[in-house]
$ cat upload-v8.tsv   # TSV, C-alpha atoms
chain	number	residue	atom	x	y	z
A	1	MET	CA	5.49	5.70	-2.00
A	2	GLY	CA	6.21	9.10	-0.51
A	3	GLY	CA	3.41	11.60	-0.66
A	4	PHE	CA	0.57	9.06	-0.81
A	5	VAL	CA	-2.17	9.38	1.79
A	6	ILE	CA	-4.60	6.48	2.08
A	7	GLY	CA	-7.70	6.73	4.20
A	8	ILE	CA	-11.34	5.80	4.50
A	9	ASP	CA	-13.43	7.92	2.17
A	10	ASP	CA	-17.04	8.56	1.23
A	11	PRO	CA	-18.10	7.04	-2.12
A	12	ARG	CA	-20.63	9.85	-2.51
A	13	ARG	CA	-17.88	12.50	-2.44
A	14	ASP	CA	-17.76	14.13	-5.90
A	15	ASP	CA	-14.26	13.10	-6.97
A	16	VAL	CA	-14.65	9.59	-5.54
A	17	ARG	CA	-18.01	9.16	-7.25
A	18	ARG	CA	-16.47	10.29	-10.56
A	19	LEU	CA	-13.63	7.74	-10.23
A	20	LEU	CA	-16.17	5.02	-9.41
A	21	GLU	CA	-18.06	6.05	-12.57
A	22	GLN	CA	-14.82	5.77	-14.57
A	23	HIS	CA	-14.29	2.31	-13.07
A	24	ARG	CA	-17.81	1.29	-14.09
A	25	ALA	CA	-17.30	2.67	-17.61
A	26	PHE	CA	-14.02	0.76	-17.97
A	27	ALA	CA	-15.56	-2.51	-16.74
A	28	SER	CA	-18.67	-2.02	-18.88
A	29	GLY	CA	-16.49	-1.50	-21.92
A	30	VAL	CA	-14.68	-4.82	-21.57
A	31	MET	CA	-17.16	-7.07	-19.74
A	32	PRO	CA	-20.70	-8.27	-20.46
A	33	PRO	CA	-23.30	-6.51	-18.28
A	34	GLU	CA	-23.73	-9.50	-15.96
A	35	GLY	CA	-19.97	-9.53	-15.34
A	36	VAL	CA	-19.71	-5.96	-14.08
A	37	HIS	CA	-19.40	-6.11	-10.28
A	38	VAL	CA	-18.39	-2.63	-9.21
A	39	LEU	CA	-19.08	-0.72	-6.02
A	40	GLU	CA	-21.97	1.70	-6.24
A	41	PRO	CA	-21.73	4.96	-4.27
A	42	HIS	CA	-24.60	3.91	-2.00
A	43	ASP	CA	-23.03	0.48	-1.24
A	44	ALA	CA	-20.49	1.54	1.38
A	45	GLY	CA	-21.73	0.78	4.83
A	46	GLU	CA	-21.44	-1.77	7.56
A	47	ASP	CA	-19.72	-4.48	5.49
A	48	ILE	CA	-17.94	-2.33	2.84
A	49	THR	CA	-15.23	0.24	3.54
A	50	LEU	CA	-14.01	2.42	0.69
A	51	PHE	CA	-10.44	3.71	0.77
A	52	SER	CA	-8.97	6.46	-1.37
A	53	LEU	CA	-5.36	7.24	-2.17
A	54	ARG	CA	-4.46	10.88	-2.63
A	55	ALA	CA	-1.31	12.86	-3.31
A	56	GLU	CA	-1.38	16.55	-2.41
A	57	GLY	CA	-5.16	16.23	-2.10
A	58	GLU	CA	-5.62	14.84	-5.63
A	59	LEU	CA	-7.53	11.56	-5.85
A	60	LEU	CA	-5.36	8.97	-7.61
A	61	GLY	CA	-7.05	5.70	-6.72
A	62	ILE	CA	-9.79	3.88	-4.87
A	63	ALA	CA	-10.39	0.39	-3.52
A	64	ALA	CA	-12.91	-1.17	-1.17
A	65	LEU	CA	-12.73	-3.90	1.42
A	66	ARG	CA	-15.89	-5.95	1.85
A	67	GLN	CA	-16.23	-8.08	4.97
A	68	LEU	CA	-17.71	-11.41	3.86
A	69	ASP	CA	-17.48	-13.02	7.30
A	70	PRO	CA	-15.19	-12.53	10.32
A	71	ALA	CA	-12.33	-14.45	8.69
A	72	HIS	CA	-12.82	-13.58	5.00
A	73	ALA	CA	-12.78	-10.23	3.17
A	74	GLU	CA	-12.98	-9.21	-0.48
A	75	LEU	CA	-10.83	-6.64	-2.23
A	76	LYS	CA	-13.35	-4.83	-4.43
A	77	SER	CA	-13.57	-2.11	-7.09
A	78	MET	CA	-9.91	-1.14	-7.19
A	79	HIS	CA	-9.25	1.58	-9.76
A	80	THR	CA	-6.38	3.95	-10.48
A	81	ALA	CA	-6.97	7.23	-12.29
A	82	ALA	CA	-5.58	6.98	-15.83
A	83	ALA	CA	-3.11	9.82	-15.28
A	84	ALA	CA	-1.70	8.12	-12.16
A	85	ARG	CA	-1.02	4.67	-13.62
A	86	GLY	CA	2.53	3.39	-13.28
A	87	ARG	CA	3.17	5.41	-10.10
A	88	GLY	CA	2.63	2.60	-7.57
A	89	VAL	CA	-0.94	3.56	-6.68
A	90	GLY	CA	-2.31	0.04	-7.17
A	91	ARG	CA	0.48	-1.56	-5.12
A	92	ALA	CA	0.00	0.94	-2.31
A	93	LEU	CA	-3.76	0.28	-2.24
A	94	VAL	CA	-3.42	-3.52	-2.30
A	95	ASP	CA	-0.84	-3.43	0.49
A	96	HIS	CA	-3.00	-1.07	2.54
A	97	LEU	CA	-6.16	-3.14	2.15
A	98	VAL	CA	-4.37	-6.37	3.01
A	99	ALA	CA	-2.96	-4.70	6.15
A	100	ALA	CA	-6.42	-3.32	7.03
A	101	ALA	CA	-7.92	-6.79	6.63
A	102	ALA	CA	-5.22	-8.33	8.81
A	103	ALA	CA	-5.82	-5.68	11.48
A	104	ARG	CA	-9.48	-6.76	11.53
A	105	GLY	CA	-8.45	-10.36	12.17
A	106	VAL	CA	-9.24	-11.51	8.63
A	107	ARG	CA	-7.39	-14.67	7.63
A	108	ARG	CA	-8.19	-14.65	3.90
A	109	VAL	CA	-8.64	-11.89	1.32
A	110	SER	CA	-10.16	-12.78	-2.06
A	111	LEU	CA	-11.03	-10.91	-5.22
A	112	GLU	CA	-12.90	-11.31	-8.50
A	113	CYS	CA	-11.29	-9.90	-11.63
A	114	GLY	CA	-11.92	-9.95	-15.34
A	115	SER	CA	-10.22	-12.68	-17.34
A	116	GLY	CA	-9.65	-10.62	-20.49
A	117	GLU	CA	-6.61	-8.81	-21.84
A	118	ALA	CA	-7.70	-5.50	-20.26
A	119	PHE	CA	-7.24	-7.02	-16.81
A	120	VAL	CA	-3.72	-8.43	-17.31
A	121	PRO	CA	-2.10	-5.54	-15.37
A	122	ALA	CA	-4.50	-6.01	-12.46
A	123	ARG	CA	-4.01	-9.77	-12.33
A	124	SER	CA	-0.23	-9.31	-12.48
A	125	LEU	CA	-0.39	-6.83	-9.60
A	126	TYR	CA	-2.48	-9.20	-7.49
A	127	ALA	CA	-0.17	-12.15	-8.22
A	128	SER	CA	2.87	-10.07	-7.28
A	129	ALA	CA	1.11	-9.24	-3.97
A	130	GLY	CA	0.73	-12.94	-3.13
A	131	PHE	CA	-2.74	-13.65	-4.50
A	132	VAL	CA	-3.21	-17.06	-6.13
A	133	PRO	CA	-6.02	-18.49	-8.26
A	134	CYS	CA	-8.99	-19.94	-6.38
A	135	GLY	CA	-12.59	-20.88	-7.00
A	136	PRO	CA	-15.62	-18.60	-6.77
A	137	PHE	CA	-16.55	-17.21	-3.37
A	138	GLY	CA	-19.46	-15.31	-1.90
A	139	GLU	CA	-22.24	-14.72	-4.41
A	140	TYR	CA	-20.01	-14.95	-7.50
A	141	ALA	CA	-20.34	-17.63	-10.16
A	142	ALA	CA	-17.49	-18.72	-12.41
A	143	THR	CA	-17.80	-17.65	-16.05
A	144	ALA	CA	-15.42	-17.36	-18.98
A	145	ASP	CA	-15.18	-13.63	-18.20
A	146	ASN	CA	-13.87	-13.74	-14.64
A	147	VAL	CA	-11.15	-15.22	-12.47
A	148	PHE	CA	-10.86	-15.47	-8.71
A	149	MET	CA	-7.79	-14.99	-6.57
A	150	THR	CA	-7.13	-15.28	-2.85
A	151	ARG	CA	-4.41	-14.67	-0.31
A	152	LEU	CA	-4.11	-16.23	3.11
A	153	LEU	CA	-2.97	-13.89	5.88
A	154	GLY	CA	-0.86	-14.60	8.93

$ encode --input "upload-v8.tsv" --output "structure tokens"
Amino acid sequence: MGGFVIGIDDPRRDDVRRLLEQHRAFASGVMPPEGVHVLEPHDAGEDITLFSLRAEGELLGIAALRQLDPAHAELKSMHTAAAARGRGVGRALVDHLVAAAAARGVRRVSLECGSGEAFVPARSLYASAGFVPCGPFGEYAATADNVFMTRLLG
């Protein structure tokens, strides 16, 4: 993935905030309101780290890592800009977040994703990165609109 730069970013930064808003709009368009679990710009802090992926300074994707406990983290609010889809942005972000979690000593990374047709590409990406179906975790509840996946590390 030559040319990609992934680093910790500020969710209040203008371009990051706009991509988070696009993520919320996408999720809101295909999920019921109670099923929309996206990162808000003010959420990043002690337990949530937002990462951005850029190429030549242009923001192409975002994803967050939420520390649930010392051994368990959540991959959260991953979104690729529409114009950058199909370029490996999602794969690069998943791989980076899994490596970041492992570097923190995390033994399990989990995620919540929509169950509908709009989320097939995301679920396929996660499965190809070693994530398998699991039950709800953290504060999530199982519904017909969501699925849960997890990956054990190390």

$ closest_residue --input "upload-v8.tsv" --among "A:Gly90, A:Gly116, A:Pro11, A:Gly130" --to "Leu60 in chain A" --atoms "only C-alpha atoms"
A:Gly90

$ residues_around --input "upload-v8.tsv" --residues "Glu56 in chain A" --least-positions-apart "2" --cutoff "12 Å" --atoms "all atoms listed in the file" --output "PyMOL selection string"
chain A and resi 2-6+53-54+58-60

$ residues_around --input "upload-v8.tsv" --residues "Val98 in chain A" --least-positions-apart "2" --cutoff "9 Å" --atoms "only C-alpha atoms" --output "list of chain:residue names"
A:Leu65, A:Leu75, A:Leu93, A:Val94, A:Asp95, A:His96, A:Ala100, A:Ala101, A:Ala102, A:Ala103, A:Val109, A:Arg151, A:Leu153

$ closest_atom_pairs --input "upload-v8.tsv" --of "range 52-124 of chain A" --to "range 131-139 of chain A" --cutoff "8 Å" --atoms "only C-alpha atoms" --output "Markdown table"
| residue | atom | partner | partner_atom | distance |
| --- | --- | --- | --- | --- |
| A:Leu68 | CA | A:Gly138 | CA | 7.2 |
| A:Ser110 | CA | A:Phe131 | CA | 7.9 |
| A:Glu112 | CA | A:Pro136 | CA | 8.0 |

$ atom_distance --input "upload-v8.tsv" --atom1 "CA of Ile8 in chain A" --atom2 "CA of Phe51 in chain A"
4.4 Å

$ atom_distance --input "upload-v8.tsv" --atom1 "CA of Phe148 in chain A" --atom2 "CA of Gly114 in chain A"
8.7 Å

$ closest_residue --input "upload-v8.tsv" --among "A:Ile48, A:Ala64, A:Leu19, A:Leu125" --to "Thr80 in chain A" --atoms "all atoms listed in the file"
A:Leu19

$ axis_aligned_box --input "upload-v8.tsv" --around "range 10-28 of chain A" --padding-each-side "6 Å" --output "JSON"
{"center_x": -17.1, "center_y": 5.8, "center_z": -8.8, "size_x": 19.0, "size_y": 28.6, "size_z": 32.1}

$ closest_residue --input "upload-v8.tsv" --among "A:Arg87, A:Arg12, A:His79, A:Arg123" --to "Ala25 in chain A" --atoms "only C-alpha atoms"
A:His79

$ closest_residue --input "upload-v8.tsv" --among "A:Thr150, A:Thr49, A:Ser77, A:Gln67" --to "Gln22 in chain A" --atoms "only C-alpha atoms"
A:Ser77

$ atom_distance --input "upload-v8.tsv" --atom1 "CA of Phe119 in chain A" --atom2 "CA of Glu46 in chain A"
28.7 Å

$ closest_residue --input "upload-v8.tsv" --among "A:Gly105, A:Gly86, A:Gly154, A:Gly61" --to "Pro121 in chain A" --atoms "all atoms listed in the file"
A:Gly86

$ closest_residue --input "upload-v8.tsv" --among "A:Val147, A:Leu20, A:Val89, A:Ala84" --to "Val120 in chain A" --atoms "all atoms listed in the file"
A:Val147
